[in-house]
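Okay, so here's the structure we're looking at.
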Amino acid sequence: MSKGQTSSSVTLRPFLEDQEDSLHLIIASGFPAISIADCYKDFLLSQRDNAYLCKAELCGAAVSSGHSNNREITSWMEQMVKDHPDVVTVVKYGKTYESRDISLLKIGLNTGKEKKAIWMDCGIHAREWIAPAFCQYFVREILQTYKTDAKMEEMMKNVDFYVTPVLNIDGYIYTWENETTRLWRKNRSPGPEDCACYGTDLNRNFDASWGTIGVSFNCCSKFYPGSKAMSELEIKAVTNFVGSRKDSFLCFLSIHSYGQMLLIPYGHPNYTAPNYDELMMVGQGATEAMWKVHQTNYTVGTPPDVLYPISGSATDWARMQGIPLTYTFELRDNGRYRFELPEDQIQPTCEEAYRGVLYIVTYTHDKTFNGAVANTAVTLSGILLAAGVTGATLR
Amino acid sequence: MRLVVVLAVLMGVSGIPDVTISPPTASADTSAHPNSIPETADESEQIEAQTEEGAEEDVMATGELNPNHYPARRAAQVVQHYLNTRYGSPFRLIGVQTVHSGNAEDVTDSRRKYQLELSVNDIISNTTQTCSAELSFTKGKGQQPPEVKASCEELLKIDIKAQEEALYQKYKTSQTLMSAQYLPDSHGHIKPDMEPFWHLGILASSFIMLNESTENTLYNVAQVANITQLTTEEDHLEFDCHTLLHEMVSQEIIHWKMLFTWSPAEGVKVLQMKRLPHRHEREKSPKTN
């Protein structure tokens, strides 16, 4: 065992068939060494992916607890497909600047029919590590739940979930290099020739009032929006994929940190979404559902109200495409740790965020498939057991 | 606890001569800093980033404030920094929990006043208190640090003297000087015996964050990159410290170096602080896979 090693962990699964109980994994720095057997025992006994809760970087089923580096995430995606071949496929839909494949997991029951869709992207901003962790959690959770929960099974029949665990792969990998790169935000494309700095803020590069506010054309700025709208390969990829299917998307969610907010369109202060009231109402329901899990407060509102004005963002673009419910989640924390959220907060953050996402997804699903919206309150109360949402006034 | 700030601002990078400030009187609630810190190119850039379209930032929220919206939130953060300079300790760290209500008004052409009702909590003991606060921001040329008045005496009720004394004695009498890096590390991990030094780094940074705050900033400490104990004959511990501040509105990570002292009797005193140059010149390095 070599403590202090910062390279990626070794996938557990191939070892288990061959190794003795006393084998120890080489794990990332900062973690105590534990025996694989202890970890895997938990996994087997629990019948769930409790390896997620293990202290070791990797523990069973190629799942990592703590934050996963990009190679781990790629392996994990392949493992999800292997474990759930009837509902999960990997779709490569673009390339990053450094020529890495951008992939998503498409999750849904195969009905042979054209289906509606839910979009989730994580890791547009490289340093927000809790976001990719949440995408992984979300995928595992719905794959666990649909087999036993009738509501989730129904949703998996009617919609496909498209989940991109890491969109800004180059930036994410860069933040894993060493402590001095940990707080990188943008992607890794070089700036214009006359500028010394790398990186475009991908969440300013969408073709949605691009370059009008909340940006700086100094390419060293954290808000540099690129040389033009959709100049970045990563954004071209999302735009092409979602844009060519926009009529099937009911919901577009983008996961970030930190600040504990649920942001609704538009980021530009001069525009109001036509369904602003609905977005606020559903957003408030989602944050109430989140609060019930661990009493964490999240604030709902537009960026110009609760944060700062923005242009060229993913959710603004999605809303302009006509996707009715679009949200940006800013996850924990708002206290001590900021971007460097400790491992023991990953699980509770993901649990509460899951309830928020589920609220929004369930609302949009029921609105589309279950007819009158008046039914939704009853449906929601029934399924959101942990959240126990009540009192939501729905129109 | 009396916290007296002695500031010698060194702007070696831009060639501004040293400015030495006499300590304010102990009875003052605010750390008044009559020096003005000249804008660096970075600061201009930050302001530019948010005022490309100009008008929105000039029209500041006035009257009753929505407690969920950013003007109240930013003002509350300034109160947090102030409270940490006044009440903070390695064993007491204050955070804003909720803003209940707020009010803002233009006092003069260049001064705006805020009143806030907010709940703050001691993150370590998890005790919460509701406080009232008044802040005054100046804007335009010759921008001064904000003035804050807030009293949250309930936060002092938890007795931490024994822990402070133990920490002080341990490191005063130790044969070796402590040094720690990256608090927290990339994974949010901090060794438990290093937590007091993480908190000290945050407290010392609170003086800077208070100084630097405007209505258009929201400062947090992203990381204490390095904190190193220095030898001293005096009745305090002395530290050299490098922290990374995260400024939310510009999303910038700003590096500051500080020299500060701490003792249970006197709390934190910042002796020197220096903003480190933006690392632009190091940003275009060979790409690595």
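Going by the structure tokens order, chains are called A, B, ..., each with residues numbered from 1, while ligands are numbered from 1 in the order shown.
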Please identify every residue of chain A that has at least one atom no more than 7 Å from any atom of chain B, counting only C-alpha atoms, and report them as a ChimeraX atom specification.
/A:179,182,196-198,213-216,220,222,299,305-308,335,337-338,340-343
Produce a file of the selected residues containing N, CA and C atoms, as a CSV table (one decimal), in the first residue's frame.
chain,number,residue,atom,x,y,z
A,179,GLU,N,-2.4,19.8,-6.1
A,179,GLU,CA,-3.1,20.7,-5.2
A,179,GLU,C,-3.2,22.1,-5.9
A,182,ARG,N,-6.3,22.3,-8.4
A,182,ARG,CA,-7.5,21.8,-7.9
A,182,ARG,C,-8.7,22.8,-8.1
A,196,ALA,N,-2.5,35.2,-22.7
A,196,ALA,CA,-1.7,34.2,-22.0
A,196,ALA,C,-2.4,33.0,-21.4
A,197,CYS,N,-3.7,33.1,-21.3
A,197,CYS,CA,-4.4,32.1,-20.4
A,197,CYS,C,-5.2,31.1,-21.2
A,198,TYR,N,-5.4,29.9,-20.5
A,198,TYR,CA,-6.2,28.9,-21.1
A,198,TYR,C,-7.6,29.0,-20.6
A,213,ILE,N,-23.8,39.7,-21.0
A,213,ILE,CA,-23.7,40.1,-19.6
A,213,ILE,C,-23.1,39.0,-18.7
A,214,GLY,N,-22.5,39.3,-17.7
A,214,GLY,CA,-21.9,38.3,-16.8
A,214,GLY,C,-20.7,37.6,-17.4
A,215,VAL,N,-20.0,38.3,-18.3
A,215,VAL,CA,-18.9,37.8,-18.9
A,215,VAL,C,-17.7,38.8,-19.0
A,216,SER,N,-16.6,38.3,-19.3
A,216,SER,CA,-15.5,39.2,-19.5
A,216,SER,C,-14.7,38.7,-20.7
A,220,CYS,N,-8.3,35.7,-19.6
A,220,CYS,CA,-7.8,35.2,-18.3
A,220,CYS,C,-9.0,35.1,-17.3
A,222,LYS,N,-12.4,34.2,-15.3
A,222,LYS,CA,-13.1,33.0,-15.1
A,222,LYS,C,-14.4,33.0,-15.9
A,299,THR,N,-31.9,27.9,-1.8
A,299,THR,CA,-32.6,29.1,-2.2
A,299,THR,C,-33.0,29.0,-3.7
A,305,ASP,N,-31.3,37.5,-9.6
A,305,ASP,CA,-31.9,37.8,-8.3
A,305,ASP,C,-31.0,37.2,-7.1
A,306,VAL,N,-30.6,36.0,-7.2
A,306,VAL,CA,-30.0,35.4,-6.1
A,306,VAL,C,-28.5,35.2,-6.2
A,307,LEU,N,-27.9,35.5,-7.4
A,307,LEU,CA,-26.5,35.3,-7.5
A,307,LEU,C,-25.8,36.4,-8.3
A,308,TYR,N,-25.9,36.4,-9.6
A,308,TYR,CA,-25.4,37.4,-10.5
A,308,TYR,C,-25.9,37.1,-11.9
A,335,GLY,N,-20.7,26.8,3.8
A,335,GLY,CA,-20.1,27.0,5.1
A,335,GLY,C,-18.6,26.9,5.0
A,337,TYR,N,-16.3,24.4,3.6
A,337,TYR,CA,-15.5,23.7,2.6
A,337,TYR,C,-15.5,24.2,1.2
A,338,ARG,N,-16.6,24.8,0.8
A,338,ARG,CA,-16.7,25.3,-0.6
A,338,ARG,C,-16.5,24.2,-1.6
A,340,GLU,N,-14.0,22.1,-2.0
A,340,GLU,CA,-13.4,20.9,-1.5
A,340,GLU,C,-14.2,20.2,-0.4
A,341,LEU,N,-15.3,19.7,-0.8
A,341,LEU,CA,-16.3,19.1,0.1
A,341,LEU,C,-15.7,17.8,0.6
A,342,PRO,N,-15.7,17.5,1.9
A,342,PRO,CA,-15.1,16.3,2.4
A,342,PRO,C,-16.0,15.1,2.0
A,343,GLU,N,-15.4,13.9,2.1
A,343,GLU,CA,-16.1,12.7,1.6
A,343,GLU,C,-17.4,12.5,2.5
Can you tell me, as number ranges by chain, what residues are no more than 8 Å from Ala76 of chain B when counting only C-alpha atoms, ignoring any on the same chain fewer than 6 positions away?
B: 96, 99, 116, 118
Put those residues in a file: C-alpha atoms, as a CSV table (one decimal), in the first residue's frame.
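Dumped everything to result.csv:
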chain,number,residue,atom,x,y,z
B,96,VAL,CA,-24.3,33.2,8.4
B,99,VAL,CA,-31.0,36.4,6.6
B,116,LEU,CA,-29.9,43.3,8.5
B,118,LEU,CA,-29.9,37.6,10.5
What residues in segment 123-258 of chain A get the DSSP label helix (DSSP H, G or I)? Please answer as number ranges by chain.
A: 130-145, 150-158, 169-175, 179-181, 202-204, 233-243, 246-248
Between A:Ile107, A:Arg204, A:Ser313, A:Phe369, which one has atoms that come closest to Glu141 of chain A, using only C-alpha atoms?
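Going through A:Ile107, A:Arg204, A:Ser313, A:Phe369 one by one, the smallest distance to Glu141 of chain A is for A:Ile107.
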Residues near segment 133-137 of chain B, cut-off 6 Å, only C-alpha atoms, skip fewer than 3 positions along chain, as a list in words:
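Listing them by chain and then by number gives Arg111, Arg112, Lys113, Tyr114, Gln115, Leu116, Pro146, Glu147, Val148, Lys149 and Ala150 of chain B.
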Using only C-alpha atoms, determine which residues lie at most 12 Å from Leu155 of chain B, disregarding the query and same-chain residues fewer than 6 positions distant; provide the list as a PyMOL selection string.
chain B and resi 1+83-84+86-89+91-95+119-131
Can you work out the spacing between atom CA of Thr173 of chain B and atom CA of Asp235 of chain B in Å, to one decimal?
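Separating atom CA of Thr173 of chain B from atom CA of Asp235 of chain B is a distance of 11.4 Å.
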One decimal, Å: what's the distance from atom CA of Leu237 of chain B over to atom CA of Leu203 of chain B, could you say?
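Taking atom CA of Leu237 of chain B as the start and atom CA of Leu203 of chain B as the end point, the length is 14.3 Å.
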Might you pull out every residue within 10 Å of Arg319 of chain A, with only C-alpha atoms counted and same-chain residues fewer than 5 positions away left off, and present them as a list in words?
Ala208, Cys251, Phe252, Ile264, Pro265, Tyr266, Ala273, Pro274, Asn275, Ala314, Pro324, Leu325, Thr326 and Tyr327 of chain A
Ile208 of chain B environment, 9 Å, only C-alpha atoms, sequence neighbours closer than 3 positions dropped, as a VMD selection string
chain B and resid 81 204 to 205 211 to 213 256 273
Could you name the residues that touch Trp291 of chain A at 12 Å or less, counting only C-alpha atoms, but leaving out those on the same chain fewer than 5 positions away, as number ranges by chain?
A: 260-261, 284-286, 296-299, 348-349, 351-356, 386-389
Can you pull out every residue from segment 148-348 of chain A that DSSP, working from the backbone, puts in strand (DSSP E), and format the result as a list of chain:residue names?
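Put together, the selection reads A:Val159, A:Asp160, A:Phe161, A:Tyr162, A:Val163, A:Thr164, A:Phe249, A:Leu250, A:Cys251, A:Phe252, A:Leu253, A:Ser254, A:Ile255, A:His256, A:Ser257, A:Met261, A:Leu262, A:Leu263, A:Thr299, A:Val300, A:Gly301, A:Leu325, A:Thr326, A:Tyr327, A:Thr328, A:Phe329, A:Glu330, A:Leu331.
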Atom CA of Gly123 of chain A to atom CA of Glu177 of chain A, distance in Å rounded to a single decimal
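Spanning atom CA of Gly123 of chain A to atom CA of Glu177 of chain A is a straight-line distance of 16.2 Å.
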Out of B:Val268, B:Leu65, B:Val78, B:Ala104, which residue has the shortest atom-to-atom distance to Leu200 of chain B when counting only C-alpha atoms?
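The shortest atom-to-atom distance to Leu200 of chain B comes from B:Val268.
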